[in-house]
Amino acid sequence: MTTYPWPAGAATGIGSLPGTDIAESQRIVLGELPDLPHLPELPARGPGAEIIGRGAAFLVELPVELYAGRWRVAARPGHDLRRALDLVERDLDEMTEQAGDFTGTFKIQAAGPYTLAAGVDLAIGGRIMRDHGAVRDLTESLAEGLRAHVADVRRRLPRATVVLQVDEPSLPAALAGHIPTESGLYTYRRVETSTAATALRTVIEAVGAPVVIHCCAPDVPLDVVRSSGAAAVALDLDLLEKLDPLGEALDAGLGLFAGVASRAASAGASPSAAVADRVRELWQRLGFPLAGLPAQVVVTPTCGLANASPAAARATLKAVREATLRLADAAAS
């Protein structure tokens with residue numbers, strides 16, 4: 001029987017929340033998601049707080065800077081990188097203040113190598129994705145940076161189990177050869193599935209912690225996720241087109257972070273019931289016994305909540321947490 005690094009019946013957030021107050025955001029997460037809280041990300045704070053700038057801050061000996069509204073490789077660390085690093089440090093300080101004695105599983109997030117390669121430009125122009133050697137260098141740099149980041153979180157939360165979520169929304173496009181060049185007229189050559197799996201495995205083996213690969217896009221490459229050694233995949237159930245590959249992956253023991261609730265209000269009078277019904281329906285269509293669902297499945301929003309109102313974001317987190325309670329009751333009956 002597979003043992004998962006999160007408690008049975010857990011719910012969590014994907015990462016981003018609205019607003020700019022990290023102290024309040026961390027309080028909300030710890031209050032609404034007590035079984036699997038995460039470190040909130042607040043893109044509304046501006047450059048360095050969004051997925052690419054924040055992720056690039058973890059690169060080692062590969063400094064970045066903003067130029068014409070895009071991140072690119074820089075000759076030396078400058079103001080833009082210092083700002084991104086300062087935002088991360090502030091978030092970690094607040095996490096330490098509020099969750100220093102936490103004894104459960106705590107999740108942190110960072111952009112993956114292909115999302116960064118598609119979002120950061122080379123100093124000479126063009127995205128890092130144009131140069132596969134540069135992608136390998138970026139992957140090794142990111143692996144070292146995330147190893148240090150995970151170690152830092154473990155020092156700050158000595159009684160917690162740390163899980164890392166690697167955000168890879170650009171991975172399917174990279175595998176399909178659909179990443180556009182800077183002109184938009186062409187695309188970069190496709191990445192082989194074996195190459196992608198090796199890159200993700202490089203990161204996973206370096207951090208030495210359970211890793212969840214998050215991909216909020218159609219055609220999530222479950223074969224790559226499984227080959228990488230990830231503990232789980234996080235995906236949007238509404239974008240799921242083929243059930244068989246997911247069923248095979250789950251049958252092999254891969255954990256599932258099931259993205260269901262994009263807005264709690266959209267689910268009607270009982271959003272948690274609608275969320276629970278959606279997850280239970282999928283599980284039963286896959287043919288798995290309901291008793292195993294709480295251990296293997298974590299319920300989440302479909303993606304980040306940065307664009308939601310504060311009230312809607314909080315209601316969504318509450319809905320996914322209450323949905324897990326409903327699913328646990330159903331599994332036990």
# chains A, B, ... in the order shown; residues from 1 in each chain; ligands from 1
>>> residues_around(residues="A:Tyr188", least_positions_apart="2", cutoff="6 Å", atoms="only C-alpha atoms", output="PyMOL selection string")
chain A and resi 130+177+179
>>> write_last_selection(atoms="N, CA, C and O atoms", output="mmCIF file, in the first residue's frame")
data_model
loop_
_atom_site.group_PDB
_atom_site.id
_atom_site.type_symbol
_atom_site.label_atom_id
_atom_site.label_comp_id
_atom_site.auth_asym_id
_atom_site.auth_seq_id
_atom_site.Cartn_x
_atom_site.Cartn_y
_atom_site.Cartn_z
ATOM 1 N N ARG A 130 14.823 28.393 -26.586
ATOM 2 C CA ARG A 130 15.438 28.239 -27.910
ATOM 3 C C ARG A 130 16.724 27.421 -27.849
ATOM 4 O O ARG A 130 17.151 26.844 -28.850
ATOM 5 N N GLY A 177 5.788 21.418 -28.906
ATOM 6 C CA GLY A 177 6.436 22.369 -29.796
ATOM 7 C C GLY A 177 5.571 23.575 -30.085
ATOM 8 O O GLY A 177 5.590 24.116 -31.192
ATOM 9 N N ILE A 179 5.556 26.447 -27.978
ATOM 10 C CA ILE A 179 6.035 27.672 -27.329
ATOM 11 C C ILE A 179 6.409 28.666 -28.422
ATOM 12 O O ILE A 179 7.292 28.402 -29.243
#
>>> residues_around(residues="A:Gln109", least_positions_apart="4", cutoff="6 Å", atoms="only C-alpha atoms", output="PyMOL selection string")
chain A and resi 164-166
>>> closest_residue(among="A:Arg90, A:Arg155, A:Arg82, A:Arg201", to="A:Pro113", atoms="only C-alpha atoms")
A:Arg201
>>> select_by_dssp(residues="stretch 52-290 of chain A", states="strand (DSSP E or B)", output="ChimeraX atom specification")
/A:64-67,70-73,105-111,120-121,127,161-167,180,187,211-214,232-236,255-261
>>> residues_around(residues="A:Arg280", least_positions_apart="6", cutoff="9 Å", atoms="only C-alpha atoms", output="list in words")
Leu290, Leu293 and Leu327 of chain A
>>> write_last_selection(atoms="N, CA and C atoms", output="CSV table (one decimal), in the first residue's frame")
chain,number,residue,atom,x,y,z
A,290,LEU,N,-14.3,3.6,-3.1
A,290,LEU,CA,-14.3,4.9,-2.5
A,290,LEU,C,-13.5,5.0,-1.2
A,293,LEU,N,-10.1,6.8,-1.6
A,293,LEU,CA,-10.1,8.2,-2.1
A,293,LEU,C,-9.4,9.2,-1.1
A,327,LEU,N,-16.3,13.8,1.6
A,327,LEU,CA,-15.8,12.6,1.0
A,327,LEU,C,-15.3,11.6,2.0
>>> closest_residue(among="A:Glu322, A:Glu205, A:Asp251, A:Asp101", to="A:Gly292", atoms="only C-alpha atoms")
A:Asp251
>>> select_by_dssp(residues="stretch 228-284 of chain A", states="alpha helix (DSSP H)", output="list in words")
Ser228, Leu243, Asp244, Pro245, Leu246, Gly247, Glu248, Ala249, Leu250, Asp251, Pro271, Ser272, Ala273, Ala274, Val275, Ala276, Asp277, Arg278, Val279, Arg280, Glu281, Leu282, Trp283 and Gln284 of chain A
>>> closest_residue(among="A:Pro5, A:Asp80, A:Asp121, A:Gly69", to="A:Ala209", atoms="only C-alpha atoms")
A:Pro5
>>> atom_distance(atom1="atom CA of A:Gly304", atom2="atom CA of A:Glu168")
13.0 Å
>>> atom_distance(atom1="atom CA of A:Phe102", atom2="atom CA of A:Ala23")
16.1 Å
>>> closest_residue(among="A:Ala111, A:Val207, A:Leu116, A:Leu92", to="A:Glu144", atoms="only C-alpha atoms")
A:Val207
>>> atom_distance(atom1="atom CA of A:Gly100", atom2="atom CA of A:Leu256")
27.3 Å
>>> closest_residue(among="A:Ile22, A:Val224, A:Leu85, A:Leu39", to="A:Ala57", atoms="only C-alpha atoms")
A:Leu85
>>> closest_residue(among="A:Ala10, A:Ala134, A:Leu17, A:Ala196", to="A:Pro310", atoms="only C-alpha atoms")
A:Leu17
>>> residues_around(residues="A:Arg54", least_positions_apart="2", cutoff="10 Å", atoms="only C-alpha atoms", output="MDAnalysis selection string")
chainID A and resid 41 43 47:52 56:59 81 83:85 87:88 109:111
>>> residues_around(residues="A:Ala75", least_positions_apart="6", cutoff="9 Å", atoms="only C-alpha atoms", output="JSON, numbers by chain")
{"A": [62, 63, 64, 123]}
